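Peer 1: Compact mmCIF, N, CA and C atoms, saved as data-v1.txt, coming up:
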```txt
# COMPACT_ATOMS: atom_id res chain seq x y z
N MET G 230 21.76 10.31 85.61
CA MET G 230 21.49 9.71 84.33
C MET G 230 22.72 8.90 83.91
N ASN G 231 22.51 7.65 83.57
CA ASN G 231 23.66 6.84 83.16
C ASN G 231 23.94 7.03 81.66
N THR G 232 25.00 6.42 81.18
CA THR G 232 25.45 6.61 79.81
C THR G 232 24.39 6.19 78.79
N ILE G 233 23.77 5.05 79.00
CA ILE G 233 22.76 4.57 78.05
C ILE G 233 21.58 5.53 78.01
N GLN G 234 21.13 5.98 79.15
CA GLN G 234 20.01 6.93 79.18
C GLN G 234 20.38 8.23 78.45
N TYR G 235 21.60 8.69 78.66
CA TYR G 235 22.06 9.92 78.00
C TYR G 235 22.07 9.74 76.48
N LEU G 236 22.61 8.61 76.02
CA LEU G 236 22.67 8.36 74.58
C LEU G 236 21.28 8.21 73.99
N GLU G 237 20.37 7.54 74.71
CA GLU G 237 18.98 7.40 74.24
C GLU G 237 18.32 8.77 74.12
N ASP G 238 18.57 9.62 75.09
CA ASP G 238 18.01 10.97 75.07
C ASP G 238 18.55 11.76 73.87
N GLN G 239 19.85 11.68 73.63
CA GLN G 239 20.45 12.39 72.50
C GLN G 239 19.89 11.89 71.17
N ALA G 240 19.76 10.58 71.02
CA ALA G 240 19.22 10.01 69.79
C ALA G 240 17.77 10.45 69.58
N ALA G 241 16.97 10.39 70.62
CA ALA G 241 15.57 10.78 70.52
C ALA G 241 15.43 12.26 70.17
N ARG G 242 16.25 13.09 70.76
CA ARG G 242 16.21 14.53 70.45
C ARG G 242 16.55 14.78 68.99
N ALA G 243 17.57 14.12 68.50
CA ALA G 243 17.97 14.29 67.10
C ALA G 243 16.86 13.83 66.16
N GLU G 244 16.23 12.71 66.48
CA GLU G 244 15.13 12.20 65.65
C GLU G 244 13.93 13.14 65.66
N ARG G 245 13.60 13.68 66.82
CA ARG G 245 12.49 14.63 66.91
C ARG G 245 12.78 15.89 66.09
N LEU G 246 13.99 16.40 66.22
CA LEU G 246 14.36 17.59 65.48
C LEU G 246 14.34 17.34 63.98
N ALA G 247 14.80 16.18 63.56
CA ALA G 247 14.81 15.84 62.13
C ALA G 247 13.40 15.84 61.54
N LYS G 248 12.40 15.53 62.34
CA LYS G 248 11.01 15.52 61.87
C LYS G 248 10.45 16.93 61.71
N ARG G 249 11.05 17.90 62.38
CA ARG G 249 10.51 19.26 62.40
C ARG G 249 11.14 20.20 61.38
N ILE G 250 12.24 19.80 60.78
CA ILE G 250 12.92 20.70 59.87
C ILE G 250 12.78 20.21 58.44
N THR G 251 13.12 21.08 57.49
CA THR G 251 12.97 20.73 56.08
C THR G 251 14.30 20.70 55.33
N ASP G 252 15.37 21.05 55.97
CA ASP G 252 16.69 21.09 55.35
C ASP G 252 17.25 19.67 55.24
N THR G 253 17.27 19.12 54.03
CA THR G 253 17.65 17.73 53.83
C THR G 253 19.04 17.38 54.36
N PRO G 254 20.07 18.16 54.07
CA PRO G 254 21.40 17.79 54.62
C PRO G 254 21.42 17.74 56.15
N THR G 255 20.71 18.65 56.78
CA THR G 255 20.67 18.66 58.25
C THR G 255 19.89 17.46 58.76
N ILE G 256 18.81 17.12 58.11
CA ILE G 256 18.03 15.93 58.49
C ILE G 256 18.93 14.70 58.42
N GLU G 257 19.67 14.57 57.33
CA GLU G 257 20.56 13.41 57.17
C GLU G 257 21.62 13.36 58.27
N LYS G 258 22.18 14.51 58.61
CA LYS G 258 23.20 14.56 59.67
C LYS G 258 22.59 14.18 61.02
N LEU G 259 21.39 14.68 61.29
CA LEU G 259 20.74 14.36 62.57
C LEU G 259 20.42 12.87 62.66
N LEU G 260 19.92 12.28 61.57
CA LEU G 260 19.59 10.86 61.60
C LEU G 260 20.84 10.00 61.67
N THR G 261 21.91 10.45 61.06
CA THR G 261 23.19 9.74 61.18
C THR G 261 23.68 9.79 62.62
N PHE G 262 23.60 10.96 63.22
CA PHE G 262 23.99 11.13 64.62
C PHE G 262 23.16 10.21 65.51
N ALA G 263 21.85 10.16 65.29
CA ALA G 263 20.97 9.31 66.10
C ALA G 263 21.35 7.84 65.93
N GLY G 264 21.63 7.45 64.70
CA GLY G 264 22.04 6.06 64.45
C GLY G 264 23.33 5.70 65.15
N GLU G 265 24.28 6.64 65.14
CA GLU G 265 25.55 6.41 65.83
C GLU G 265 25.33 6.25 67.33
N ARG G 266 24.48 7.08 67.90
CA ARG G 266 24.20 6.96 69.34
C ARG G 266 23.55 5.61 69.64
N ARG G 267 22.62 5.18 68.79
CA ARG G 267 21.96 3.89 69.02
C ARG G 267 22.94 2.73 68.90
N ARG G 268 23.90 2.83 67.98
CA ARG G 268 24.93 1.79 67.88
C ARG G 268 25.81 1.78 69.13
N GLU G 269 26.12 2.96 69.66
CA GLU G 269 26.89 3.03 70.90
C GLU G 269 26.13 2.33 72.03
N ILE G 270 24.83 2.55 72.08
CA ILE G 270 24.00 1.91 73.11
C ILE G 270 24.10 0.39 72.99
N GLU G 271 24.01 -0.12 71.76
CA GLU G 271 24.10 -1.57 71.55
C GLU G 271 25.44 -2.12 72.02
N VAL G 272 26.51 -1.39 71.72
CA VAL G 272 27.85 -1.83 72.15
C VAL G 272 27.95 -1.86 73.66
N ILE G 273 27.50 -0.80 74.30
CA ILE G 273 27.57 -0.72 75.77
C ILE G 273 26.69 -1.79 76.40
N ALA G 274 25.49 -1.96 75.88
CA ALA G 274 24.58 -2.96 76.44
C ALA G 274 25.15 -4.36 76.25
N GLY G 275 25.80 -4.61 75.12
CA GLY G 275 26.41 -5.91 74.86
C GLY G 275 27.55 -6.20 75.83
N ARG G 276 28.32 -5.17 76.17
CA ARG G 276 29.42 -5.34 77.13
C ARG G 276 28.87 -5.69 78.52
N ARG G 277 27.76 -5.07 78.87
CA ARG G 277 27.20 -5.30 80.20
C ARG G 277 26.60 -6.70 80.30
N ARG G 278 26.09 -7.22 79.19
CA ARG G 278 25.50 -8.56 79.19
C ARG G 278 26.56 -9.64 79.15
N GLY G 279 27.63 -9.38 78.40
CA GLY G 279 28.54 -10.44 78.08
C GLY G 279 29.79 -10.51 78.79
```
Step by step, read the file and then write its structure as structure tokens.
Peer 2:
Amino acid sequence: MNTIQYLEDQAARAERLAKRITDTPTIEKLLTFAGERRREIEVIAGRRRG
């Protein structure tokens, strides 16, 4: 599994978990984590393109 695949997996897991729980602070933390992983993916993908 390469870095982008790993980060995509982590983001997707966090998003799925956020949909299943009801604790608002935890949901916010999970969605923040997922967003950070997706931004990392964009940075890495941009480096590979450019």
Peer 1: Determine the nearest neighbour of Thr261 of chain G from the options G:Ala243, G:Ile273, G:Leu236, G:Met230, counting all atoms listed in the file.
Peer 2: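 Result for the nearest residue to Thr261 of chain G: G:Ala243.
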Peer 1: Work out how far atom CA of Ile270 of chain G is from atom CA of Asp238 of chain G, in Å to one decimal.
Peer 2: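 Separating atom CA of Asp238 of chain G from atom CA of Ile270 of chain G is a distance of 11.0 Å.
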Peer 1: Grab the atom CA of Phe262 of chain G to atom CA of Leu246 of chain G distance for me, in Å with one decimal place.
Peer 2: 11.6 Å
Peer 1: How far is it from atom N of Lys248 of chain G to atom C of Leu260 of chain G, in Å with one decimal?
Peer 2: 10.1 Å
Peer 1: Pull out segment 251-277 of chain G, keep N, CA and C atoms, and write it as an mmCIF file, in the first residue's frame.
Peer 2:
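What follows is the written file part.cif:
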```
data_model
loop_
_atom_site.group_PDB
_atom_site.id
_atom_site.type_symbol
_atom_site.label_atom_id
_atom_site.label_comp_id
_atom_site.auth_asym_id
_atom_site.auth_seq_id
_atom_site.Cartn_x
_atom_site.Cartn_y
_atom_site.Cartn_z
ATOM 1 N N THR G 251 -22.402 9.424 18.133
ATOM 2 C CA THR G 251 -23.240 10.587 18.433
ATOM 3 C C THR G 251 -22.517 11.646 19.259
ATOM 4 N N ASP G 252 -21.307 11.381 19.659
ATOM 5 C CA ASP G 252 -20.529 12.309 20.479
ATOM 6 C C ASP G 252 -19.963 13.428 19.600
ATOM 7 N N THR G 253 -20.537 14.626 19.716
ATOM 8 C CA THR G 253 -20.177 15.732 18.832
ATOM 9 C C THR G 253 -18.691 16.081 18.843
ATOM 10 N N PRO G 254 -18.052 16.219 19.990
ATOM 11 C CA PRO G 254 -16.610 16.545 19.957
ATOM 12 C C PRO G 254 -15.776 15.484 19.228
ATOM 13 N N THR G 255 -16.134 14.235 19.402
ATOM 14 C CA THR G 255 -15.395 13.159 18.727
ATOM 15 C C THR G 255 -15.654 13.198 17.227
ATOM 16 N N ILE G 256 -16.880 13.455 16.839
ATOM 17 C CA ILE G 256 -17.207 13.580 15.413
ATOM 18 C C ILE G 256 -16.363 14.688 14.793
ATOM 19 N N GLU G 257 -16.299 15.830 15.473
ATOM 20 C CA GLU G 257 -15.518 16.960 14.953
ATOM 21 C C GLU G 257 -14.043 16.601 14.818
ATOM 22 N N LYS G 258 -13.505 15.904 15.803
ATOM 23 C CA LYS G 258 -12.092 15.495 15.747
ATOM 24 C C LYS G 258 -11.847 14.522 14.595
ATOM 25 N N LEU G 259 -12.767 13.577 14.417
ATOM 26 C CA LEU G 259 -12.611 12.605 13.328
ATOM 27 C C LEU G 259 -12.676 13.290 11.968
ATOM 28 N N LEU G 260 -13.615 14.219 11.800
ATOM 29 C CA LEU G 260 -13.737 14.908 10.517
ATOM 30 C C LEU G 260 -12.555 15.839 10.269
ATOM 31 N N THR G 261 -12.018 16.418 11.316
ATOM 32 C CA THR G 261 -10.808 17.230 11.184
ATOM 33 C C THR G 261 -9.637 16.353 10.756
ATOM 34 N N PHE G 262 -9.509 15.201 11.395
ATOM 35 C CA PHE G 262 -8.455 14.247 11.045
ATOM 36 C C PHE G 262 -8.588 13.840 9.579
ATOM 37 N N ALA G 263 -9.808 13.520 9.142
ATOM 38 C CA ALA G 263 -10.033 13.109 7.752
ATOM 39 C C ALA G 263 -9.650 14.237 6.797
ATOM 40 N N GLY G 264 -10.023 15.454 7.141
ATOM 41 C CA GLY G 264 -9.668 16.600 6.294
ATOM 42 C C GLY G 264 -8.173 16.795 6.185
ATOM 43 N N GLU G 265 -7.483 16.616 7.306
ATOM 44 C CA GLU G 265 -6.023 16.738 7.289
ATOM 45 C C GLU G 265 -5.391 15.670 6.401
ATOM 46 N N ARG G 266 -5.891 14.454 6.482
ATOM 47 C CA ARG G 266 -5.362 13.385 5.624
ATOM 48 C C ARG G 266 -5.612 13.714 4.153
ATOM 49 N N ARG G 267 -6.793 14.222 3.840
ATOM 50 C CA ARG G 267 -7.103 14.554 2.443
ATOM 51 C C ARG G 267 -6.223 15.699 1.935
ATOM 52 N N ARG G 268 -5.910 16.658 2.804
ATOM 53 C CA ARG G 268 -4.986 17.729 2.409
ATOM 54 C C ARG G 268 -3.585 17.171 2.167
ATOM 55 N N GLU G 269 -3.162 16.227 2.998
ATOM 56 C CA GLU G 269 -1.866 15.580 2.779
ATOM 57 C C GLU G 269 -1.836 14.894 1.417
ATOM 58 N N ILE G 270 -2.928 14.236 1.071
ATOM 59 C CA ILE G 270 -3.017 13.558 -0.231
ATOM 60 C C ILE G 270 -2.842 14.570 -1.353
ATOM 61 N N GLU G 271 -3.516 15.721 -1.241
ATOM 62 C CA GLU G 271 -3.405 16.755 -2.280
ATOM 63 C C GLU G 271 -1.970 17.245 -2.420
ATOM 64 N N VAL G 272 -1.296 17.438 -1.292
ATOM 65 C CA VAL G 272 0.101 17.899 -1.329
ATOM 66 C C VAL G 272 0.986 16.864 -2.006
ATOM 67 N N ILE G 273 0.842 15.617 -1.608
ATOM 68 C CA ILE G 273 1.669 14.543 -2.179
ATOM 69 C C ILE G 273 1.373 14.379 -3.665
ATOM 70 N N ALA G 274 0.099 14.394 -4.027
ATOM 71 C CA ALA G 274 -0.272 14.242 -5.431
ATOM 72 C C ALA G 274 0.253 15.415 -6.258
ATOM 73 N N GLY G 275 0.226 16.613 -5.694
ATOM 74 C CA GLY G 275 0.741 17.791 -6.390
ATOM 75 C C GLY G 275 2.239 17.693 -6.632
ATOM 76 N N ARG G 276 2.958 17.142 -5.660
ATOM 77 C CA ARG G 276 4.418 16.971 -5.813
ATOM 78 C C ARG G 276 4.725 15.969 -6.931
ATOM 79 N N ARG G 277 3.911 14.938 -7.015
ATOM 80 C CA ARG G 277 4.167 13.904 -8.023
ATOM 81 C C ARG G 277 3.853 14.422 -9.428
#
```
